[in-house]
Each structure stands twice: as structure tokens, then as C-alpha cells.
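Structure below is start.pdb: PDB, N, CA and C atoms.
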```pdb
ATOM      1  N   MET G  13      94.726  71.369  82.041
ATOM      2  CA  MET G  13      94.583  72.247  83.195
ATOM      3  C   MET G  13      93.872  71.516  84.321
ATOM      4  N   ASN G  14      94.270  71.827  85.538
ATOM      5  CA  ASN G  14      93.573  71.200  86.648
ATOM      6  C   ASN G  14      92.370  72.052  87.070
ATOM      7  N   VAL G  15      91.496  71.449  87.830
ATOM      8  CA  VAL G  15      90.225  72.078  88.200
ATOM      9  C   VAL G  15      90.453  73.327  89.045
ATOM     10  N   GLU G  16      91.376  73.257  89.985
ATOM     11  CA  GLU G  16      91.637  74.418  90.853
ATOM     12  C   GLU G  16      92.094  75.615  90.032
ATOM     13  N   HIS G  17      92.954  75.372  89.070
ATOM     14  CA  HIS G  17      93.436  76.457  88.211
ATOM     15  C   HIS G  17      92.283  77.055  87.403
ATOM     16  N   GLU G  18      91.432  76.201  86.855
ATOM     17  CA  GLU G  18      90.285  76.685  86.074
ATOM     18  C   GLU G  18      89.338  77.504  86.945
ATOM     19  N   ILE G  19      89.128  77.071  88.185
ATOM     20  CA  ILE G  19      88.248  77.820  89.090
ATOM     21  C   ILE G  19      88.861  79.183  89.403
ATOM     22  N   ASN G  20      90.183  79.227  89.618
ATOM     23  CA  ASN G  20      90.853  80.513  89.852
ATOM     24  C   ASN G  20      90.697  81.438  88.654
ATOM     25  N   LEU G  21      90.806  80.894  87.444
ATOM     26  CA  LEU G  21      90.597  81.700  86.235
ATOM     27  C   LEU G  21      89.157  82.197  86.158
ATOM     28  N   LEU G  22      88.212  81.346  86.541
ATOM     29  CA  LEU G  22      86.806  81.727  86.542
ATOM     30  C   LEU G  22      86.565  82.906  87.481
ATOM     31  N   VAL G  23      87.144  82.854  88.670
ATOM     32  CA  VAL G  23      86.998  83.952  89.632
ATOM     33  C   VAL G  23      87.570  85.244  89.047
ATOM     34  N   GLU G  24      88.740  85.162  88.397
ATOM     35  CA  GLU G  24      89.342  86.346  87.773
ATOM     36  C   GLU G  24      88.427  86.915  86.696
ATOM     37  N   GLU G  25      87.858  86.060  85.873
ATOM     38  CA  GLU G  25      86.981  86.524  84.796
ATOM     39  C   GLU G  25      85.682  87.101  85.354
ATOM     40  N   MET G  26      85.175  86.521  86.418
ATOM     41  CA  MET G  26      83.970  87.075  87.050
ATOM     42  C   MET G  26      84.257  88.466  87.610
ATOM     43  N   GLN G  27      85.449  88.651  88.178
ATOM     44  CA  GLN G  27      85.825  89.967  88.699
ATOM     45  C   GLN G  27      85.954  90.977  87.564
ATOM     46  N   ARG G  28      86.427  90.528  86.412
ATOM     47  CA  ARG G  28      86.588  91.415  85.254
ATOM     48  C   ARG G  28      85.234  91.805  84.653
ATOM     49  N   LEU G  29      84.310  90.840  84.563
ATOM     50  CA  LEU G  29      83.052  91.058  83.852
ATOM     51  C   LEU G  29      81.867  91.399  84.753
ATOM     52  N   GLY G  30      81.983  91.093  86.040
ATOM     53  CA  GLY G  30      80.836  91.193  86.940
ATOM     54  C   GLY G  30      80.603  92.576  87.514
ATOM     55  N   THR G  31      79.493  92.673  88.233
ATOM     56  CA  THR G  31      79.138  93.899  88.946
ATOM     57  C   THR G  31      78.813  93.536  90.385
ATOM     58  N   THR G  32      79.035  94.493  91.266
ATOM     59  CA  THR G  32      78.747  94.276  92.673
ATOM     60  C   THR G  32      77.331  94.745  92.966
ATOM     61  N   GLY G  33      76.548  93.867  93.575
ATOM     62  CA  GLY G  33      75.154  94.181  93.893
ATOM     63  C   GLY G  33      75.029  94.925  95.210
ATOM     64  N   ALA G  34      73.789  95.229  95.569
ATOM     65  CA  ALA G  34      73.500  95.942  96.814
ATOM     66  C   ALA G  34      73.944  95.136  98.034
ATOM     67  N   ASP G  35      73.982  93.812  97.897
ATOM     68  CA  ASP G  35      74.408  92.953  99.001
ATOM     69  C   ASP G  35      75.926  92.871  99.133
ATOM     70  N   GLY G  36      76.646  93.540  98.215
ATOM     71  CA  GLY G  36      78.101  93.545  98.256
ATOM     72  C   GLY G  36      78.750  92.361  97.565
ATOM     73  N   LYS G  37      77.931  91.473  96.988
ATOM     74  CA  LYS G  37      78.466  90.295  96.309
ATOM     75  C   LYS G  37      78.593  90.553  94.820
ATOM     76  N   LEU G  38      79.649  90.013  94.252
ATOM     77  CA  LEU G  38      79.904  90.158  92.823
ATOM     78  C   LEU G  38      79.095  89.120  92.054
ATOM     79  N   SER G  39      78.465  89.544  90.967
ATOM     80  CA  SER G  39      77.710  88.597  90.143
ATOM     81  C   SER G  39      77.873  88.943  88.670
ATOM     82  N   VAL G  40      77.653  87.941  87.851
ATOM     83  CA  VAL G  40      77.708  88.097  86.398
ATOM     84  C   VAL G  40      76.689  87.129  85.795
ATOM     85  N   LYS G  41      76.059  87.552  84.728
ATOM     86  CA  LYS G  41      75.088  86.683  84.060
ATOM     87  C   LYS G  41      75.827  85.605  83.251
ATOM     88  N   PHE G  42      75.232  84.419  83.204
ATOM     89  CA  PHE G  42      75.826  83.304  82.481
ATOM     90  C   PHE G  42      76.083  83.670  81.022
ATOM     91  N   GLY G  43      75.127  84.347  80.391
ATOM     92  CA  GLY G  43      75.280  84.721  78.989
ATOM     93  C   GLY G  43      76.473  85.620  78.742
ATOM     94  N   VAL G  44      76.762  86.511  79.690
ATOM     95  CA  VAL G  44      77.925  87.406  79.560
ATOM     96  C   VAL G  44      79.206  86.582  79.589
ATOM     97  N   LEU G  45      79.302  85.656  80.531
ATOM     98  CA  LEU G  45      80.482  84.783  80.603
ATOM     99  C   LEU G  45      80.603  83.932  79.345
ATOM    100  N   PHE G  46      79.505  83.321  78.948
ATOM    101  CA  PHE G  46      79.523  82.380  77.840
ATOM    102  C   PHE G  46      79.896  83.062  76.522
ATOM    103  N   GLN G  47      79.450  84.301  76.320
ATOM    104  CA  GLN G  47      79.664  84.981  75.047
ATOM    105  C   GLN G  47      80.951  85.805  75.001
ATOM    106  N   ASP G  48      81.651  85.913  76.119
ATOM    107  CA  ASP G  48      82.888  86.674  76.159
ATOM    108  C   ASP G  48      83.994  85.926  75.416
ATOM    109  N   ASP G  49      84.687  86.623  74.510
ATOM    110  CA  ASP G  49      85.735  85.987  73.702
ATOM    111  C   ASP G  49      86.872  85.433  74.551
ATOM    112  N   ARG G  50      87.287  86.191  75.554
ATOM    113  CA  ARG G  50      88.394  85.747  76.401
ATOM    114  C   ARG G  50      88.006  84.466  77.160
ATOM    115  N   CYS G  51      86.794  84.424  77.680
ATOM    116  CA  CYS G  51      86.324  83.227  78.389
ATOM    117  C   CYS G  51      86.226  82.037  77.441
ATOM    118  N   ALA G  52      85.786  82.293  76.233
ATOM    119  CA  ALA G  52      85.670  81.217  75.240
ATOM    120  C   ALA G  52      87.038  80.597  74.955
ATOM    121  N   ASN G  53      88.082  81.420  74.965
ATOM    122  CA  ASN G  53      89.430  80.913  74.716
ATOM    123  C   ASN G  53      90.041  80.244  75.952
ATOM    124  N   LEU G  54      89.647  80.691  77.134
ATOM    125  CA  LEU G  54      90.216  80.148  78.376
ATOM    126  C   LEU G  54      89.612  78.810  78.779
ATOM    127  N   PHE G  55      88.301  78.690  78.668
ATOM    128  CA  PHE G  55      87.600  77.539  79.229
ATOM    129  C   PHE G  55      87.141  76.580  78.140
ATOM    130  N   GLU G  56      87.640  75.345  78.218
ATOM    131  CA  GLU G  56      87.169  74.322  77.290
ATOM    132  C   GLU G  56      85.750  73.906  77.651
ATOM    133  N   ALA G  57      85.455  73.897  78.951
ATOM    134  CA  ALA G  57      84.139  73.472  79.417
ATOM    135  C   ALA G  57      83.682  74.418  80.524
ATOM    136  N   LEU G  58      83.154  75.565  80.134
ATOM    137  CA  LEU G  58      82.728  76.577  81.097
ATOM    138  C   LEU G  58      81.690  76.011  82.065
ATOM    139  N   VAL G  59      80.720  75.269  81.552
ATOM    140  CA  VAL G  59      79.658  74.712  82.398
ATOM    141  C   VAL G  59      80.251  73.755  83.433
ATOM    142  N   GLY G  60      81.223  72.951  83.021
ATOM    143  CA  GLY G  60      81.880  72.032  83.951
ATOM    144  C   GLY G  60      82.655  72.771  85.029
ATOM    145  N   THR G  61      83.326  73.849  84.651
ATOM    146  CA  THR G  61      84.065  74.663  85.617
ATOM    147  C   THR G  61      83.109  75.311  86.603
ATOM    148  N   LEU G  62      81.964  75.806  86.108
ATOM    149  CA  LEU G  62      80.958  76.397  86.992
ATOM    150  C   LEU G  62      80.407  75.362  87.974
ATOM    151  N   LYS G  63      80.145  74.156  87.500
ATOM    152  CA  LYS G  63      79.629  73.101  88.384
ATOM    153  C   LYS G  63      80.649  72.759  89.463
ATOM    154  N   ALA G  64      81.928  72.669  89.086
ATOM    155  CA  ALA G  64      82.978  72.370  90.061
ATOM    156  C   ALA G  64      83.084  73.489  91.094
ATOM    157  N   ALA G  65      82.987  74.740  90.651
ATOM    158  CA  ALA G  65      83.052  75.886  91.562
ATOM    159  C   ALA G  65      81.841  75.904  92.487
ATOM    160  N   LYS G  66      80.687  75.513  91.975
ATOM    161  CA  LYS G  66      79.475  75.470  92.803
ATOM    162  C   LYS G  66      79.600  74.383  93.869
ATOM    163  N   ARG G  67      80.135  73.227  93.496
ATOM    164  CA  ARG G  67      80.332  72.140  94.466
ATOM    165  C   ARG G  67      81.285  72.560  95.582
ATOM    166  N   ARG G  68      82.263  73.399  95.247
ATOM    167  CA  ARG G  68      83.229  73.879  96.244
ATOM    168  C   ARG G  68      82.735  75.134  96.972
ATOM    169  N   LYS G  69      81.509  75.546  96.682
ATOM    170  CA  LYS G  69      80.869  76.708  97.314
ATOM    171  C   LYS G  69      81.649  78.006  97.082
ATOM    172  N   ILE G  70      82.197  78.130  95.869
ATOM    173  CA  ILE G  70      82.886  79.352  95.460
ATOM    174  C   ILE G  70      81.906  80.263  94.736
ATOM    175  N   VAL G  71      80.979  79.663  93.994
ATOM    176  CA  VAL G  71      79.910  80.408  93.325
ATOM    177  C   VAL G  71      78.580  79.731  93.624
ATOM    178  N   THR G  72      77.509  80.450  93.363
ATOM    179  CA  THR G  72      76.179  79.860  93.455
ATOM    180  C   THR G  72      75.331  80.394  92.310
ATOM    181  N   TYR G  73      74.372  79.595  91.892
ATOM    182  CA  TYR G  73      73.417  79.984  90.855
ATOM    183  C   TYR G  73      72.226  79.047  90.930
ATOM    184  N   GLN G  74      71.117  79.490  90.348
ATOM    185  CA  GLN G  74      69.890  78.687  90.333
ATOM    186  C   GLN G  74      70.041  77.536  89.349
ATOM    187  N   GLY G  75      69.589  76.375  89.743
ATOM    188  CA  GLY G  75      69.585  75.224  88.847
ATOM    189  C   GLY G  75      70.864  74.420  88.928
ATOM    190  N   GLU G  76      70.875  73.338  88.174
ATOM    191  CA  GLU G  76      72.027  72.442  88.150
ATOM    192  C   GLU G  76      72.858  72.619  86.881
ATOM    193  N   LEU G  77      72.167  72.673  85.745
ATOM    194  CA  LEU G  77      72.843  72.717  84.457
ATOM    195  C   LEU G  77      72.467  74.006  83.739
ATOM    196  N   LEU G  78      73.473  74.753  83.278
ATOM    197  CA  LEU G  78      73.223  76.001  82.540
ATOM    198  C   LEU G  78      73.454  75.759  81.052
ATOM    199  N   LEU G  79      72.502  76.208  80.246
ATOM    200  CA  LEU G  79      72.590  76.052  78.794
ATOM    201  C   LEU G  79      72.553  77.412  78.122
ATOM    202  N   GLN G  80      73.362  77.565  77.074
ATOM    203  CA  GLN G  80      73.392  78.819  76.334
ATOM    204  C   GLN G  80      72.007  79.114  75.776
ATOM    205  N   GLY G  81      71.624  80.381  75.832
ATOM    206  CA  GLY G  81      70.330  80.801  75.327
ATOM    207  C   GLY G  81      69.252  80.691  76.391
ATOM    208  N   VAL G  82      69.011  79.486  76.863
ATOM    209  CA  VAL G  82      67.956  79.235  77.838
ATOM    210  C   VAL G  82      68.265  79.913  79.175
ATOM    211  N   HIS G  83      69.526  79.868  79.597
ATOM    212  CA  HIS G  83      69.922  80.348  80.918
ATOM    213  C   HIS G  83      70.824  81.583  80.867
ATOM    214  N   ASP G  84      70.787  82.331  79.779
ATOM    215  CA  ASP G  84      71.672  83.500  79.644
ATOM    216  C   ASP G  84      71.465  84.540  80.751
ATOM    217  N   ASP G  85      70.263  84.633  81.308
ATOM    218  CA  ASP G  85      69.978  85.639  82.325
ATOM    219  C   ASP G  85      70.166  85.151  83.759
ATOM    220  N   VAL G  86      70.662  83.929  83.924
ATOM    221  CA  VAL G  86      70.903  83.391  85.267
ATOM    222  C   VAL G  86      72.129  84.078  85.861
ATOM    223  N   GLU G  87      71.950  84.627  87.080
ATOM    224  CA  GLU G  87      73.047  85.295  87.780
ATOM    225  C   GLU G  87      73.938  84.256  88.456
ATOM    226  N   ILE G  88      75.237  84.388  88.234
ATOM    227  CA  ILE G  88      76.233  83.560  88.922
ATOM    228  C   ILE G  88      76.873  84.470  89.957
ATOM    229  N   VAL G  89      76.759  84.098  91.220
ATOM    230  CA  VAL G  89      77.205  84.943  92.324
ATOM    231  C   VAL G  89      78.477  84.369  92.927
ATOM    232  N   LEU G  90      79.488  85.209  93.072
ATOM    233  CA  LEU G  90      80.744  84.827  93.705
ATOM    234  C   LEU G  90      80.556  84.907  95.223
ATOM    235  N   LEU G  91      80.822  83.804  95.903
ATOM    236  CA  LEU G  91      80.627  83.755  97.364
ATOM    237  C   LEU G  91      81.892  84.148  98.111
TER
END
```
Would it be possible to restate this file's structure as C-alpha cells?
Amino acid sequence: MNVEHEINLLVEEMQRLGTTGADGKLSVKFGVLFQDDRCANLFEALVGTLKAAKRRKIVTYQGELLLQGVHDDVEIVLL
């Protein structure tokens, strides 16, 4: 799969799993994405896809590297 396709899938999954905040932006916690069965089957490297999306300013989140368990409560915001 190419990176653009994976990012498009990520946006679709964020729309499926996320909630819209008071600011009108959609967000989802990293742990929700990471533990979702459908996401686990879609993404070989979820963290890599998130980093690519962040570099393209499609999503934003605190920090550089997200790890399961440690960063489960980090909000990933769709821009």
C-alpha cells in the first residue's frame, strides 16, 4: 500500500471511531485506534501512518513517537 492510501484509510477510521470536540475538530485517542480490530487488520504500521499524516499536517498530536500503553490517552486530532 502507498502512504497516501494509508493516510486516507486513517482519516476514514478516525471518522468512524472519533468524536467531535467543542472546537469542531474530530479527535480520537491513540489507544482506541491501536486496540480497534479493524484498524489492526488495516494498518501494518499504525505509528508510521500517523507520523506520515502528521508530517503532511493532516493530523496533530503531542509528541513524536506514540507507544501502546504509555500513550493510550494521547488525543489525535484531524485537521
Nearest candidate to G:Thr72 (options G:Glu18, G:Glu87, G:Asp48, G:Glu56; using only C-alpha atoms):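 Ranking G:Glu18, G:Glu87, G:Asp48, G:Glu56 by distance to G:Thr72, first place goes to G:Glu87.
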d(atom C of G:Val71, atom N of G:Ile88) in Å: 7.9 Å
Using only N, CA and C atoms, which protein or nucleic acid residues come within 8 Å of stretch 25-36 of chain G? Drop anything in the same chain fewer than 3 positions from it, and give the result as a PDB file with N, CA and C atoms, in the frame of the given file.
```pdb
ATOM      1  N   ILE G  19      89.128  77.071  88.185  1.00  0.00           N
ATOM      2  CA  ILE G  19      88.248  77.820  89.090  1.00  0.00           C
ATOM      3  C   ILE G  19      88.861  79.183  89.403  1.00  0.00           C
ATOM      4  N   ASN G  20      90.183  79.227  89.618  1.00  0.00           N
ATOM      5  CA  ASN G  20      90.853  80.513  89.852  1.00  0.00           C
ATOM      6  C   ASN G  20      90.697  81.438  88.654  1.00  0.00           C
ATOM      7  N   LEU G  21      90.806  80.894  87.444  1.00  0.00           N
ATOM      8  CA  LEU G  21      90.597  81.700  86.235  1.00  0.00           C
ATOM      9  C   LEU G  21      89.157  82.197  86.158  1.00  0.00           C
ATOM     10  N   LEU G  22      88.212  81.346  86.541  1.00  0.00           N
ATOM     11  CA  LEU G  22      86.806  81.727  86.542  1.00  0.00           C
ATOM     12  C   LEU G  22      86.565  82.906  87.481  1.00  0.00           C
ATOM     13  N   SER G  39      78.465  89.544  90.967  1.00  0.00           N
ATOM     14  CA  SER G  39      77.710  88.597  90.143  1.00  0.00           C
ATOM     15  C   SER G  39      77.873  88.943  88.670  1.00  0.00           C
ATOM     16  N   VAL G  40      77.653  87.941  87.851  1.00  0.00           N
ATOM     17  CA  VAL G  40      77.708  88.097  86.398  1.00  0.00           C
ATOM     18  C   VAL G  40      76.689  87.129  85.795  1.00  0.00           C
ATOM     19  N   LYS G  41      76.059  87.552  84.728  1.00  0.00           N
ATOM     20  CA  LYS G  41      75.088  86.683  84.060  1.00  0.00           C
ATOM     21  C   LYS G  41      75.827  85.605  83.251  1.00  0.00           C
ATOM     22  N   VAL G  44      76.762  86.511  79.690  1.00  0.00           N
ATOM     23  CA  VAL G  44      77.925  87.406  79.560  1.00  0.00           C
ATOM     24  C   VAL G  44      79.206  86.582  79.589  1.00  0.00           C
ATOM     25  N   LEU G  45      79.302  85.656  80.531  1.00  0.00           N
ATOM     26  CA  LEU G  45      80.482  84.783  80.603  1.00  0.00           C
ATOM     27  C   LEU G  45      80.603  83.932  79.345  1.00  0.00           C
ATOM     28  N   ARG G  50      87.287  86.191  75.554  1.00  0.00           N
ATOM     29  CA  ARG G  50      88.394  85.747  76.401  1.00  0.00           C
ATOM     30  C   ARG G  50      88.006  84.466  77.160  1.00  0.00           C
ATOM     31  N   CYS G  51      86.794  84.424  77.680  1.00  0.00           N
ATOM     32  CA  CYS G  51      86.324  83.227  78.389  1.00  0.00           C
ATOM     33  C   CYS G  51      86.226  82.037  77.441  1.00  0.00           C
ATOM     34  N   LEU G  90      79.488  85.209  93.072  1.00  0.00           N
ATOM     35  CA  LEU G  90      80.744  84.827  93.705  1.00  0.00           C
ATOM     36  C   LEU G  90      80.556  84.907  95.223  1.00  0.00           C
TER      37      LEU G  90
END
```
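Atom pair atom C of G:Lys37 / atom CA of G:Val59: separated by 20.2 Å.
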Contact residues around G:Val15 with all atoms listed in the file at 8 Å, ignoring same-chain residues under 6 positions, as a PyMOL selection string: chain G and resi 21+61+64-65
